[in-house]
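For reference, input.pdb is printed below; it contains PDB, C-alpha atoms and all ligand atoms.
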```
MODEL        1
ATOM      1  CA  MET Z 244      19.249 -16.989  18.146
ATOM      2  CA  THR Z 245      16.112 -15.785  16.411
ATOM      3  CA  THR Z 246      12.768 -17.526  16.491
ATOM      4  CA  GLU Z 247      10.827 -17.218  13.293
ATOM      5  CA  LEU Z 248       7.227 -16.217  13.977
ATOM      6  CA  ASN Z 249       5.949 -18.893  11.640
ATOM      7  CA  PRO Z 250       8.277 -20.460   9.069
ATOM      8  CA  THR Z 251       5.400 -22.064   7.172
ATOM      9  CA  ALA Z 252       3.280 -18.924   7.142
ATOM     10  CA  SER Z 253       1.672 -19.612   3.806
ATOM     11  CA  ALA Z 254       1.828 -23.415   3.934
ATOM     12  CA  MET Z 255      -1.806 -23.724   5.064
ATOM     13  CA  ILE Z 256      -3.638 -21.407   2.749
ATOM     14  CA  PRO Z 257      -7.211 -20.591   3.769
ATOM     15  CA  ALA Z 258      -9.854 -20.682   1.048
ATOM     16  CA  PRO Z 259     -10.713 -17.232  -0.321
ATOM     17  CA  ALA Z 260     -13.953 -15.959   1.221
ATOM     18  CA  THR Z 261     -15.476 -15.016  -2.159
ATOM     19  CA  PRO Z 262     -14.921 -15.666  -5.889
ATOM     20  CA  TYR Z 263     -13.738 -12.035  -6.153
ATOM     21  CA  GLN Z 264     -11.028 -12.690  -3.570
ATOM     22  CA  ARG Z 265      -9.952 -15.747  -5.563
ATOM     23  CA  ASP Z 266      -9.549 -13.484  -8.613
ATOM     24  CA  ILE Z 267      -7.474 -11.018  -6.578
ATOM     25  CA  ALA Z 268      -5.293 -13.775  -5.126
ATOM     26  CA  ARG Z 269      -4.684 -15.079  -8.657
ATOM     27  CA  TYR Z 270      -3.907 -11.572  -9.904
ATOM     28  CA  TRP Z 271      -1.214 -10.946  -7.271
ATOM     29  CA  ASN Z 272       0.165 -14.494  -7.424
ATOM     30  CA  SER Z 273       1.071 -14.002 -11.072
ATOM     31  CA  GLU Z 274       2.145 -10.349 -10.884
ATOM     32  CA  ALA Z 275       5.782  -9.771 -11.891
ATOM     33  CA  ARG Z 276       5.838  -6.357 -13.540
ATOM     34  CA  PRO Z 277       9.339  -4.952 -14.115
ATOM     35  CA  VAL Z 278       8.117  -1.582 -12.791
ATOM     36  CA  ASN Z 279       7.810  -3.265  -9.401
ATOM     37  CA  LEU Z 280      10.631  -5.828  -9.433
ATOM     38  CA  ARG Z 281      13.341  -3.610 -10.943
ATOM     39  CA  LEU Z 282      12.520  -0.819  -8.499
ATOM     40  CA  GLY Z 283      12.612  -3.264  -5.575
ATOM     41  CA  ASP Z 284      15.960  -4.629  -6.743
ATOM     42  CA  VAL Z 285      17.486  -1.185  -6.076
ATOM     43  CA  ASP Z 286      17.745  -1.857  -2.330
ATOM     44  CA  GLY Z 287      15.582  -4.915  -1.564
ATOM     45  CA  LEU Z 288      12.433  -3.022  -0.489
ATOM     46  CA  TYR Z 289       9.629  -4.233  -2.737
ATOM     47  CA  HIS Z 290       6.599  -1.934  -2.977
ATOM     48  CA  HIS Z 291       3.238  -2.076  -4.702
ATOM     49  CA  HIS Z 292       2.313   1.544  -4.253
ATOM     50  CA  TYR Z 293       3.142   4.866  -5.851
ATOM     51  CA  GLY Z 294       5.500   7.711  -5.010
ATOM     52  CA  VAL Z 295       5.430  11.170  -3.454
ATOM     53  CA  GLY Z 296       7.761  14.160  -3.456
ATOM     54  CA  ALA Z 297       9.721  16.294  -5.864
ATOM     55  CA  VAL Z 298      11.905  14.666  -8.513
ATOM     56  CA  ASP Z 299      15.626  15.221  -7.928
ATOM     57  CA  HIS Z 300      16.640  16.347 -11.416
ATOM     58  CA  ASP Z 301      20.298  16.698 -10.370
ATOM     59  CA  ALA Z 302      20.353  13.009  -9.391
ATOM     60  CA  LEU Z 303      18.760  12.048 -12.737
ATOM     61  CA  GLY Z 304      21.322  13.910 -14.802
ATOM     62  CA  ASP Z 305      21.460  13.895 -18.603
ATOM     63  CA  PRO Z 306      18.771  11.792 -20.392
ATOM     64  CA  GLU Z 307      21.325  11.039 -23.130
ATOM     65  CA  ASP Z 308      23.656   9.421 -20.606
ATOM     66  CA  SER Z 309      23.889   5.583 -20.805
ATOM     67  CA  GLU Z 310      23.243   5.308 -17.056
ATOM     68  CA  TYR Z 311      20.140   7.556 -17.151
ATOM     69  CA  GLU Z 312      17.527   4.751 -17.142
ATOM     70  CA  LYS Z 313      19.184   3.144 -14.133
ATOM     71  CA  ARG Z 314      19.092   6.456 -12.278
ATOM     72  CA  LEU Z 315      15.455   7.006 -13.290
ATOM     73  CA  ILE Z 316      14.505   3.629 -11.785
ATOM     74  CA  ALA Z 317      16.367   4.512  -8.571
ATOM     75  CA  GLU Z 318      14.557   7.851  -8.466
ATOM     76  CA  LEU Z 319      11.089   6.268  -8.894
ATOM     77  CA  HIS Z 320      11.981   3.830  -6.127
ATOM     78  CA  ARG Z 321      13.162   6.644  -3.846
ATOM     79  CA  LEU Z 322       9.775   8.356  -4.294
ATOM     80  CA  GLU Z 323       7.886   5.113  -3.495
ATOM     81  CA  SER Z 324       9.909   4.618  -0.294
ATOM     82  CA  ALA Z 325       9.284   8.284   0.566
ATOM     83  CA  GLN Z 326       5.555   7.494   0.368
ATOM     84  CA  THR Z 327       5.994   4.792   3.035
ATOM     85  CA  GLU Z 328       7.972   7.207   5.208
ATOM     86  CA  VAL Z 329       5.012   9.631   5.085
ATOM     87  CA  LEU Z 330       2.660   6.827   6.160
ATOM     88  CA  LEU Z 331       4.984   5.808   9.030
ATOM     89  CA  ASP Z 332       5.273   9.465  10.121
ATOM     90  CA  HIS Z 333       1.526   9.355  10.869
ATOM     91  CA  LEU Z 334       1.482   6.201  13.011
ATOM     92  CA  GLY Z 335       2.235   8.212  16.162
ATOM     93  CA  PRO Z 336       4.653   6.971  18.828
ATOM     94  CA  VAL Z 337       5.383   3.258  18.346
ATOM     95  CA  ARG Z 338       7.348   1.257  20.922
ATOM     96  CA  ALA Z 339       9.657  -1.652  20.222
ATOM     97  CA  ASP Z 340       7.296  -3.988  22.114
ATOM     98  CA  ASP Z 341       4.266  -2.956  20.022
ATOM     99  CA  THR Z 342       2.765  -4.994  17.191
ATOM    100  CA  LEU Z 343       1.635  -3.278  13.992
ATOM    101  CA  VAL Z 344      -0.621  -4.666  11.252
ATOM    102  CA  ASP Z 345      -0.085  -4.076   7.522
ATOM    103  CA  ALA Z 346      -3.439  -4.951   5.902
ATOM    104  CA  GLY Z 347      -2.815  -5.944   2.279
ATOM    105  CA  CYS Z 348       0.966  -6.068   2.718
ATOM    106  CA  GLY Z 349       2.046  -6.958  -0.820
ATOM    107  CA  ARG Z 350       5.700  -8.040  -0.980
ATOM    108  CA  GLY Z 351       6.336  -6.459   2.418
ATOM    109  CA  GLY Z 352       8.439  -3.324   1.719
ATOM    110  CA  SER Z 353       6.407  -1.207   4.155
ATOM    111  CA  MET Z 354       6.644  -3.877   6.875
ATOM    112  CA  VAL Z 355      10.440  -3.936   6.672
ATOM    113  CA  MET Z 356      10.614  -0.148   6.811
ATOM    114  CA  ALA Z 357       8.271  -0.038   9.833
ATOM    115  CA  HIS Z 358      10.373  -2.581  11.712
ATOM    116  CA  GLN Z 359      13.600  -0.782  10.809
ATOM    117  CA  ARG Z 360      12.183   2.519  12.087
ATOM    118  CA  PHE Z 361      10.462   1.347  15.291
ATOM    119  CA  GLY Z 362      12.084  -1.994  16.170
ATOM    120  CA  CYS Z 363       8.570  -3.414  16.644
ATOM    121  CA  LYS Z 364       6.811  -6.540  15.377
ATOM    122  CA  VAL Z 365       4.904  -6.175  12.109
ATOM    123  CA  GLU Z 366       2.230  -8.626  10.988
ATOM    124  CA  GLY Z 367       1.173  -8.489   7.342
ATOM    125  CA  VAL Z 368      -1.765 -10.092   5.583
ATOM    126  CA  THR Z 369      -2.250 -10.597   1.868
ATOM    127  CA  LEU Z 370      -4.489 -12.808  -0.265
ATOM    128  CA  SER Z 371      -1.487 -13.904  -2.292
ATOM    129  CA  SER Z 372       0.682 -16.845  -1.186
ATOM    130  CA  SER Z 373       3.445 -15.769  -3.608
ATOM    131  CA  GLN Z 374       3.559 -12.349  -1.973
ATOM    132  CA  ALA Z 375       3.571 -13.819   1.547
ATOM    133  CA  ASP Z 376       6.399 -16.204   0.586
ATOM    134  CA  PHE Z 377       8.315 -13.351  -1.016
ATOM    135  CA  GLY Z 378       7.899 -11.087   2.029
ATOM    136  CA  ASN Z 379       8.896 -13.852   4.452
ATOM    137  CA  GLY Z 380      11.896 -14.686   2.259
ATOM    138  CA  ARG Z 381      13.075 -11.068   2.420
ATOM    139  CA  ALA Z 382      12.551 -11.034   6.206
ATOM    140  CA  ARG Z 383      14.745 -14.152   6.502
ATOM    141  CA  GLU Z 384      17.444 -12.629   4.286
ATOM    142  CA  LEU Z 385      17.429  -9.553   6.525
ATOM    143  CA  ARG Z 386      17.361 -11.772   9.660
ATOM    144  CA  ILE Z 387      14.248 -10.017  10.943
ATOM    145  CA  GLN Z 388      11.886 -13.001  10.589
ATOM    146  CA  ASP Z 389      11.300 -12.908  14.352
ATOM    147  CA  HIS Z 390       9.741  -9.439  13.898
ATOM    148  CA  VAL Z 391       8.269  -9.336  10.400
ATOM    149  CA  ARG Z 392       5.798 -11.928   9.146
ATOM    150  CA  ALA Z 393       3.392 -12.078   6.215
ATOM    151  CA  ARG Z 394       0.429 -14.439   6.175
ATOM    152  CA  VAL Z 395      -2.158 -15.439   3.624
ATOM    153  CA  CYS Z 396      -5.266 -14.075   5.262
ATOM    154  CA  ASN Z 397      -8.356 -12.034   4.478
ATOM    155  CA  MET Z 398      -7.947  -8.603   6.040
ATOM    156  CA  LEU Z 399     -11.681  -8.566   6.832
ATOM    157  CA  ASP Z 400     -11.289 -11.599   9.092
ATOM    158  CA  THR Z 401      -7.900 -11.610  10.802
ATOM    159  CA  PRO Z 402      -6.538 -13.716  13.681
ATOM    160  CA  PHE Z 403      -5.403 -10.693  15.718
ATOM    161  CA  GLU Z 404      -6.814 -10.495  19.231
ATOM    162  CA  SER Z 405      -9.282  -7.719  19.959
ATOM    163  CA  GLY Z 406      -7.581  -4.600  21.341
ATOM    164  CA  SER Z 407      -4.070  -6.008  20.810
ATOM    165  CA  ILE Z 408      -2.593  -3.832  18.054
ATOM    166  CA  ALA Z 409      -0.941  -0.415  18.558
ATOM    167  CA  ALA Z 410      -1.326   0.793  14.964
ATOM    168  CA  SER Z 411      -2.396  -0.528  11.586
ATOM    169  CA  TRP Z 412      -2.584   0.617   8.003
ATOM    170  CA  ASN Z 413      -3.799   0.025   4.464
ATOM    171  CA  ASN Z 414      -1.267   1.217   1.915
ATOM    172  CA  GLU Z 415      -3.142   1.223  -1.421
ATOM    173  CA  SER Z 416      -5.052  -1.916  -0.492
ATOM    174  CA  SER Z 417      -8.451  -0.651   0.674
ATOM    175  CA  MET Z 418      -9.942  -0.527  -2.859
ATOM    176  CA  TYR Z 419     -10.360  -4.311  -2.801
ATOM    177  CA  VAL Z 420     -12.851  -4.497   0.059
ATOM    178  CA  ASP Z 421     -16.008  -3.045   1.543
ATOM    179  CA  LEU Z 422     -14.864  -0.138   3.704
ATOM    180  CA  HIS Z 423     -17.345  -0.693   6.516
ATOM    181  CA  ASP Z 424     -16.234  -4.317   6.873
ATOM    182  CA  LEU Z 425     -12.571  -3.283   6.678
ATOM    183  CA  LEU Z 426     -12.721  -0.512   9.254
ATOM    184  CA  ALA Z 427     -14.843  -2.627  11.605
ATOM    185  CA  GLU Z 428     -12.011  -5.176  11.609
ATOM    186  CA  HIS Z 429      -9.270  -2.562  12.225
ATOM    187  CA  SER Z 430     -11.426  -1.070  14.974
ATOM    188  CA  ARG Z 431     -11.796  -4.498  16.579
ATOM    189  CA  PHE Z 432      -8.108  -5.381  16.779
ATOM    190  CA  LEU Z 433      -6.743  -1.865  17.504
ATOM    191  CA  LYS Z 434      -6.184  -0.796  21.120
ATOM    192  CA  VAL Z 435      -8.249   2.152  22.325
ATOM    193  CA  GLY Z 436      -5.940   5.097  21.551
ATOM    194  CA  GLY Z 437      -4.366   3.134  18.685
ATOM    195  CA  ARG Z 438      -3.806   4.677  15.283
ATOM    196  CA  TYR Z 439      -5.087   3.697  11.813
ATOM    197  CA  VAL Z 440      -3.566   5.167   8.641
ATOM    198  CA  THR Z 441      -4.495   4.728   5.017
ATOM    199  CA  ILE Z 442      -2.892   6.065   1.873
ATOM    200  CA  THR Z 443      -5.269   5.559  -1.001
ATOM    201  CA  GLY Z 444      -6.611   6.827  -4.279
ATOM    202  CA  CYS Z 445     -10.252   7.871  -3.941
ATOM    203  CA  TRP Z 446     -12.770   9.492  -6.251
ATOM    204  CA  ASN Z 447     -13.785  13.008  -5.445
ATOM    205  CA  PRO Z 448     -17.495  13.455  -4.530
ATOM    206  CA  ARG Z 449     -17.266  16.980  -5.951
ATOM    207  CA  TYR Z 450     -16.751  15.480  -9.415
ATOM    208  CA  GLY Z 451     -20.155  13.758  -9.091
ATOM    209  CA  GLN Z 452     -19.442  10.112  -9.915
ATOM    210  CA  PRO Z 453     -16.292   8.103 -10.789
ATOM    211  CA  SER Z 454     -14.826   9.537 -14.019
ATOM    212  CA  LYS Z 455     -13.918   7.425 -17.040
ATOM    213  CA  TRP Z 456     -10.280   7.546 -15.871
ATOM    214  CA  VAL Z 457     -11.250   6.168 -12.463
ATOM    215  CA  SER Z 458     -13.246   3.406 -14.207
ATOM    216  CA  GLN Z 459     -10.160   2.662 -16.308
ATOM    217  CA  ILE Z 460      -7.990   2.319 -13.186
ATOM    218  CA  ASN Z 461     -10.606  -0.010 -11.646
ATOM    219  CA  ALA Z 462     -10.620  -2.196 -14.742
ATOM    220  CA  HIS Z 463      -6.811  -2.228 -14.989
ATOM    221  CA  PHE Z 464      -6.320  -3.484 -11.413
ATOM    222  CA  GLU Z 465      -9.676  -5.322 -10.930
ATOM    223  CA  CYS Z 466     -10.345  -3.078  -7.939
ATOM    224  CA  ASN Z 467     -13.215  -0.822  -6.802
ATOM    225  CA  ILE Z 468     -12.056   2.666  -5.853
ATOM    226  CA  HIS Z 469     -14.137   4.299  -3.104
ATOM    227  CA  SER Z 470     -15.051   7.947  -2.735
ATOM    228  CA  ARG Z 471     -13.394  10.173  -0.125
ATOM    229  CA  ARG Z 472     -16.764  10.487   1.609
ATOM    230  CA  GLU Z 473     -17.048   6.701   2.005
ATOM    231  CA  TYR Z 474     -13.750   6.602   3.947
ATOM    232  CA  LEU Z 475     -14.869   9.290   6.355
ATOM    233  CA  ARG Z 476     -18.295   7.709   6.870
ATOM    234  CA  ALA Z 477     -16.882   4.235   7.464
ATOM    235  CA  MET Z 478     -14.438   5.670  10.010
ATOM    236  CA  ALA Z 479     -17.173   7.581  11.824
ATOM    237  CA  ASP Z 480     -19.242   4.378  11.995
ATOM    238  CA  ASN Z 481     -16.353   2.418  13.501
ATOM    239  CA  ARG Z 482     -14.964   4.541  16.341
ATOM    240  CA  LEU Z 483     -12.139   5.873  14.195
ATOM    241  CA  VAL Z 484     -11.771   9.648  14.535
ATOM    242  CA  PRO Z 485      -9.750  11.350  11.773
ATOM    243  CA  GLN Z 486      -6.772  13.353  13.034
ATOM    244  CA  ALA Z 487      -5.343  14.227   9.621
ATOM    245  CA  VAL Z 488      -6.723  14.203   6.083
ATOM    246  CA  ILE Z 489      -3.942  15.150   3.674
ATOM    247  CA  ASP Z 490      -4.369  15.614  -0.056
ATOM    248  CA  LEU Z 491      -1.200  14.087  -1.519
ATOM    249  CA  THR Z 492      -2.343  14.613  -5.123
ATOM    250  CA  PRO Z 493       0.115  17.440  -5.918
ATOM    251  CA  ASP Z 494       2.893  15.395  -4.272
ATOM    252  CA  THR Z 495       2.292  12.273  -6.369
ATOM    253  CA  LEU Z 496       1.991  13.951  -9.781
ATOM    254  CA  PRO Z 497       5.790  14.346 -10.246
ATOM    255  CA  TYR Z 498       6.145  10.573  -9.736
ATOM    256  CA  TRP Z 499       3.589   9.866 -12.466
ATOM    257  CA  GLU Z 500       5.045  12.394 -14.876
ATOM    258  CA  LEU Z 501       8.497  10.873 -14.428
ATOM    259  CA  ARG Z 502       7.196   7.304 -14.674
ATOM    260  CA  ALA Z 503       5.409   8.153 -17.941
ATOM    261  CA  THR Z 504       8.839   8.904 -19.500
ATOM    262  CA  SER Z 505      10.427   5.618 -18.409
ATOM    263  CA  SER Z 506      10.884   2.329 -20.277
ATOM    264  CA  LEU Z 507       8.847   0.609 -17.537
ATOM    265  CA  VAL Z 508       5.481   2.190 -18.375
ATOM    266  CA  THR Z 509       2.505  -0.146 -18.011
ATOM    267  CA  GLY Z 510      -0.118   1.901 -19.875
ATOM    268  CA  ILE Z 511      -2.005   3.139 -16.797
ATOM    269  CA  GLU Z 512       0.045   6.329 -16.409
ATOM    270  CA  GLU Z 513      -2.292   8.479 -18.524
ATOM    271  CA  ALA Z 514      -5.359   7.536 -16.439
ATOM    272  CA  PHE Z 515      -3.617   8.635 -13.231
ATOM    273  CA  ILE Z 516      -2.273  11.870 -14.707
ATOM    274  CA  LYS Z 517      -5.608  12.800 -16.339
ATOM    275  CA  SER Z 518      -7.807  11.940 -13.337
ATOM    276  CA  TYR Z 519      -5.560  13.788 -10.897
ATOM    277  CA  GLY Z 520      -5.565  16.696 -13.360
ATOM    278  CA  ASP Z 521      -9.349  16.942 -13.857
ATOM    279  CA  GLY Z 522     -10.020  16.653 -10.102
ATOM    280  CA  SER Z 523     -12.027  13.428 -10.371
ATOM    281  CA  PHE Z 524      -9.456  11.416  -8.414
ATOM    282  CA  GLN Z 525      -7.346  12.237  -5.368
ATOM    283  CA  TYR Z 526      -4.401  10.621  -3.607
ATOM    284  CA  VAL Z 527      -4.998  11.010   0.123
ATOM    285  CA  LEU Z 528      -3.632  10.049   3.514
ATOM    286  CA  ILE Z 529      -6.125   9.694   6.356
ATOM    287  CA  ALA Z 530      -4.911   9.075   9.905
ATOM    288  CA  ALA Z 531      -7.494   8.239  12.565
ATOM    289  CA  ASP Z 532      -7.475   7.435  16.278
ATOM    290  CA  ARG Z 533      -9.392   4.480  17.685
ATOM    291  CA  VAL Z 534     -11.544   5.955  20.459
TER
HETATM  292  C1  LIG Z 601      -1.586  -2.698  -4.473
HETATM  293  S1  LIG Z 601      -1.099  -3.958  -3.389
HETATM  294  C2  LIG Z 601      -0.435  -2.998  -2.037
HETATM  295  C3  LIG Z 601       0.649  -3.755  -1.310
HETATM  296  C4  LIG Z 601       1.341  -3.033  -0.146
HETATM  297  N1  LIG Z 601       0.398  -2.416   0.763
HETATM  298  C5  LIG Z 601       2.348  -2.020  -0.607
HETATM  299  O1  LIG Z 601       2.180  -0.830  -0.314
HETATM  300  O2  LIG Z 601       3.345  -2.418  -1.238
HETATM  301  C6  LIG Z 601      -2.670  -4.535  -2.781
HETATM  302  C7  LIG Z 601      -2.565  -5.663  -1.757
HETATM  303  O3  LIG Z 601      -3.847  -5.837  -1.147
HETATM  304  C8  LIG Z 601      -4.005  -7.216  -0.901
HETATM  305  N2  LIG Z 601      -5.421  -7.517  -0.683
HETATM  306  C9  LIG Z 601      -6.496  -7.226  -1.458
HETATM  307  N3  LIG Z 601      -7.630  -7.677  -0.890
HETATM  308  C10 LIG Z 601      -7.262  -8.265   0.285
HETATM  309  C11 LIG Z 601      -7.977  -8.924   1.321
HETATM  310  N4  LIG Z 601      -9.299  -9.080   1.302
HETATM  311  N5  LIG Z 601      -7.266  -9.417   2.365
HETATM  312  C12 LIG Z 601      -5.916  -9.296   2.415
HETATM  313  N6  LIG Z 601      -5.191  -8.670   1.465
HETATM  314  C13 LIG Z 601      -5.859  -8.174   0.413
HETATM  315  C14 LIG Z 601      -3.412  -7.882  -2.111
HETATM  316  O4  LIG Z 601      -3.159  -9.236  -1.837
HETATM  317  C15 LIG Z 601      -2.156  -7.012  -2.279
HETATM  318  O5  LIG Z 601      -1.142  -7.534  -1.467
HETATM  319  C1  LIG Z 602      -4.005   4.400  -6.051
HETATM  320  C2  LIG Z 602      -4.707   3.166  -6.536
HETATM  321  C3  LIG Z 602      -6.015   3.308  -7.160
HETATM  322  C4  LIG Z 602      -4.109   1.972  -6.384
HETATM  323  C5  LIG Z 602      -4.691   0.673  -6.787
HETATM  324  C6  LIG Z 602      -3.908  -0.415  -6.102
HETATM  325  C7  LIG Z 602      -2.631  -0.691  -6.777
HETATM  326  C8  LIG Z 602      -2.694  -1.675  -7.835
HETATM  327  C9  LIG Z 602      -1.463  -0.089  -6.409
HETATM  328  C10 LIG Z 602      -0.136  -0.230  -7.036
HETATM  329  O1  LIG Z 602       0.296  -1.515  -7.257
HETATM  330  P1  LIG Z 602       1.551  -1.818  -8.192
HETATM  331  O2  LIG Z 602       2.755  -1.104  -7.682
HETATM  332  O3  LIG Z 602       1.643  -3.284  -8.328
HETATM  333  O4  LIG Z 602       1.111  -1.163  -9.587
HETATM  334  P2  LIG Z 602       2.053  -0.812 -10.841
HETATM  335  O5  LIG Z 602       2.437  -2.084 -11.466
HETATM  336  O6  LIG Z 602       1.188   0.084 -11.688
HETATM  337  O7  LIG Z 602       3.255  -0.065 -10.301
HETATM  338 MG    MG Z 603       4.349  -0.289  -8.671
ENDMDL
END
```

Could you write out this structure as structure tokens?
Ligand SMILES: C[S@@+](CC[C@H](N)C(=O)[O-])C[C@H]1O[C@@H](n2cnc3c(N)ncnc32)[C@H](O)[C@@H]1O
Ligand SMILES: CC(C)=CCC/C(C)=C/COP(=O)(O)OP(=O)(O)O
Ligand SMILES: [Mg+2]
Amino acid sequence: MTTELNPTASAMIPAPATPYQRDIARYWNSEARPVNLRLGDVDGLYHHHYGVGAVDHDALGDPEDSEYEKRLIAELHRLESAQTEVLLDHLGPVRADDTLVDAGCGRGGSMVMAHQRFGCKVEGVTLSSSQADFGNGRARELRIQDHVRARVCNMLDTPFESGSIAASWNNESSMYVDLHDLLAEHSRFLKVGGRYVTITGCWNPRYGQPSKWVSQINAHFECNIHSRREYLRAMADNRLVPQAVIDLTPDTLPYWELRATSSLVTGIEEAFIKSYGDGSFQYVLIAADRV
């Protein structure tokens, strides 16, 4: 018999801490873009992040073929799941009796993958009750609700005990919060020796200031993209020592170029392709140890 961690996870919804957080909760509560739902329908892993890796042109086959669009969707989804695999590769050794935290967990695709890889518990927080319900529904369908739970909770103020968490991450969710506040909270609940990983888009200090494309991405998603320097400073200020800083920009471009040819375009593809191309924006993974 399995014991669900909390069957009414989103039944008692805390008030958003700020009007901005209320906007973000509303945004994700009403989000239902086909580019996310149709990709998730491929195998039941629902992501709200982008993809990495080379496109498998053999798998795509002939664009004139009637099944081509279906294969294109499967290929975009494969690249998005590959992105999660890269994040999980950087969590370090995780034991089945560890608990991990997914900060800004979306519909929970990364949480399911983490549990399937490590056998551990995964606690997710999101501002959106629809996302938490969706993620908990998927966990129940997969009969892993005793290990995977999403809650409506501000990632800057979580219920996790200090020093209790083996590893935690932000997968494309750190552009909604102040980085010093965010990394102070991860630093608080991580064990000494624990691992923090983020995959994020950040503006490049070498460009000078956020480019017009970066401003367009901010406006599109109502977020506030940080610079690469801000991540490293906020880590240094919060006992998080970077072990790897990987520029994933060349690895994510094939995803964007393929997505731009699909029927599921949302209009933001050009901003990503242009900003990655002119060097004003970078897709990075940073893994840091809590010391
Ligand atoms: C782009 S989605 C990423 C979802 C997920 N990490 C993934 O890879 O599929 C951004 C997520 O950040 C969450 N978020 C933004 N601000 C938050 C906050 N202050 N506390 C908790 N979650 C937050 C949103 O609710 C949403 O789930
Ligand atoms: C790298 C950056 C700047 C990310 C911003 C956060 C974000 C909205 C990620 C993707 O979500 P999604 O999967 O819901 O977006 P889309 O609908 O475009 O696929
Ligand atoms: Mg998406």

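Note that atom C2 of ligand LIG 601 (chain Z) and atom CA of Z:Lys455 are 22.7 Å apart.
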
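For ligand MG 603 (chain Z), the set of protein, DNA and RNA residues within 7 Å, based on all atoms listed in the file, reads Val278, Asn279, His290, His291, His292 and Tyr293 of chain Z.
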
Print the selection's residues with C-alpha atoms to a file, as a JSON list (two decimals), in the frame of the given file.
```json
[["chain", "number", "residue", "atom", "x", "y", "z"],
["Z", 278, "VAL", "CA", 8.12, -1.58, -12.79],
["Z", 279, "ASN", "CA", 7.81, -3.26, -9.40],
["Z", 290, "HIS", "CA", 6.60, -1.93, -2.98],
["Z", 291, "HIS", "CA", 3.24, -2.08, -4.70],
["Z", 292, "HIS", "CA", 2.31, 1.54, -4.25],
["Z", 293, "TYR", "CA", 3.14, 4.87, -5.85]]
```

Close residues, Z:Cys348 itself excluded, 7 Å, all atoms listed in the file, min 4 positions apart in chain, as a ChimeraX atom specification: /Z:367-369

Contact residues around Z:Glu512 with all atoms listed in the file at 12 Å, ignoring same-chain residues under 2 positions, as a PyMOL selection string: chain Z and resi 278+293+456-457+459-460+463+495-505+507-510+514-519

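For the atom pair formed by atom CA of Z:Leu343 and atom CA of Z:Cys396, the distance is 15.5 Å, given to one decimal.
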
Let me have the centre and edge lengths in Å, one decimal, of the box along x, y and z around every listed atom of stretch 494-506 of chain Z with 4 Å of margin on each side, as lines of an AutoDock Vina configuration file.
```
center_x = 6.4
center_y = 8.9
center_z = -12.3
size_x = 16.9
size_y = 21.1
size_z = 24.0
```

Surroundings of ligand LIG 601 (chain Z) up to 7 Å, based on only C-alpha atoms and all ligand atoms, as a PyMOL selection string: chain Z and resi 264+267-268+271+289-292+345-353+368-371+374+396-399+413-416+419-420

Output of the PyMOL selection byres (((chain Z and resi 378) around 10) and not hetatm), listed as a PyMOL selection string: chain Z and resi 288-289+348-352+354-355+367+372-377+379-384+388+391-394

Using the chain letters and numbering of this document, enumerate as a short mmCIF file (atom, residue, chain, number, x, y, z; two decimals) with C-alpha atoms, in the coordinates of the input the residues selected by the PyMOL selection byres (((chain Z and resi 477-479) around 12) and not hetatm).
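File out-v9.cif, as written:
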```cif
data_model
loop_
_atom_site.label_atom_id
_atom_site.label_comp_id
_atom_site.auth_asym_id
_atom_site.auth_seq_id
_atom_site.Cartn_x
_atom_site.Cartn_y
_atom_site.Cartn_z
CA SER Z 417 -8.45 -0.65 0.67
CA ASP Z 421 -16.01 -3.04 1.54
CA LEU Z 422 -14.86 -0.14 3.70
CA HIS Z 423 -17.34 -0.69 6.52
CA ASP Z 424 -16.23 -4.32 6.87
CA LEU Z 425 -12.57 -3.28 6.68
CA LEU Z 426 -12.72 -0.51 9.25
CA ALA Z 427 -14.84 -2.63 11.60
CA GLU Z 428 -12.01 -5.18 11.61
CA HIS Z 429 -9.27 -2.56 12.22
CA SER Z 430 -11.43 -1.07 14.97
CA ARG Z 438 -3.81 4.68 15.28
CA TYR Z 439 -5.09 3.70 11.81
CA VAL Z 440 -3.57 5.17 8.64
CA THR Z 441 -4.50 4.73 5.02
CA HIS Z 469 -14.14 4.30 -3.10
CA SER Z 470 -15.05 7.95 -2.74
CA ARG Z 471 -13.39 10.17 -0.12
CA ARG Z 472 -16.76 10.49 1.61
CA GLU Z 473 -17.05 6.70 2.00
CA TYR Z 474 -13.75 6.60 3.95
CA LEU Z 475 -14.87 9.29 6.36
CA ARG Z 476 -18.30 7.71 6.87
CA ASP Z 480 -19.24 4.38 12.00
CA ASN Z 481 -16.35 2.42 13.50
CA ARG Z 482 -14.96 4.54 16.34
CA LEU Z 483 -12.14 5.87 14.20
CA VAL Z 484 -11.77 9.65 14.54
CA PRO Z 485 -9.75 11.35 11.77
CA GLN Z 486 -6.77 13.35 13.03
CA ILE Z 529 -6.12 9.69 6.36
CA ALA Z 530 -4.91 9.07 9.90
CA ALA Z 531 -7.49 8.24 12.56
CA ASP Z 532 -7.48 7.44 16.28
CA ARG Z 533 -9.39 4.48 17.68
CA VAL Z 534 -11.54 5.96 20.46
#
```

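Between atom CA of Z:Asn461 and atom P1 of ligand LIG 602 (chain Z) the interatomic distance comes to 12.8 Å.
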
Neighbour list for Z:Leu528 as a list in words, cut-off 6 Å, only C-alpha atoms, skip fewer than 6 positions in-chain: Thr441, Ile442, Val488 and Ile489 of chain Z

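With all atoms listed in the file as the atoms that count, the residue of Z:Arg276, Z:His390, Z:Arg314, Z:His320 with the shortest distance to ligand LIG 602 (chain Z) is Z:Arg276.
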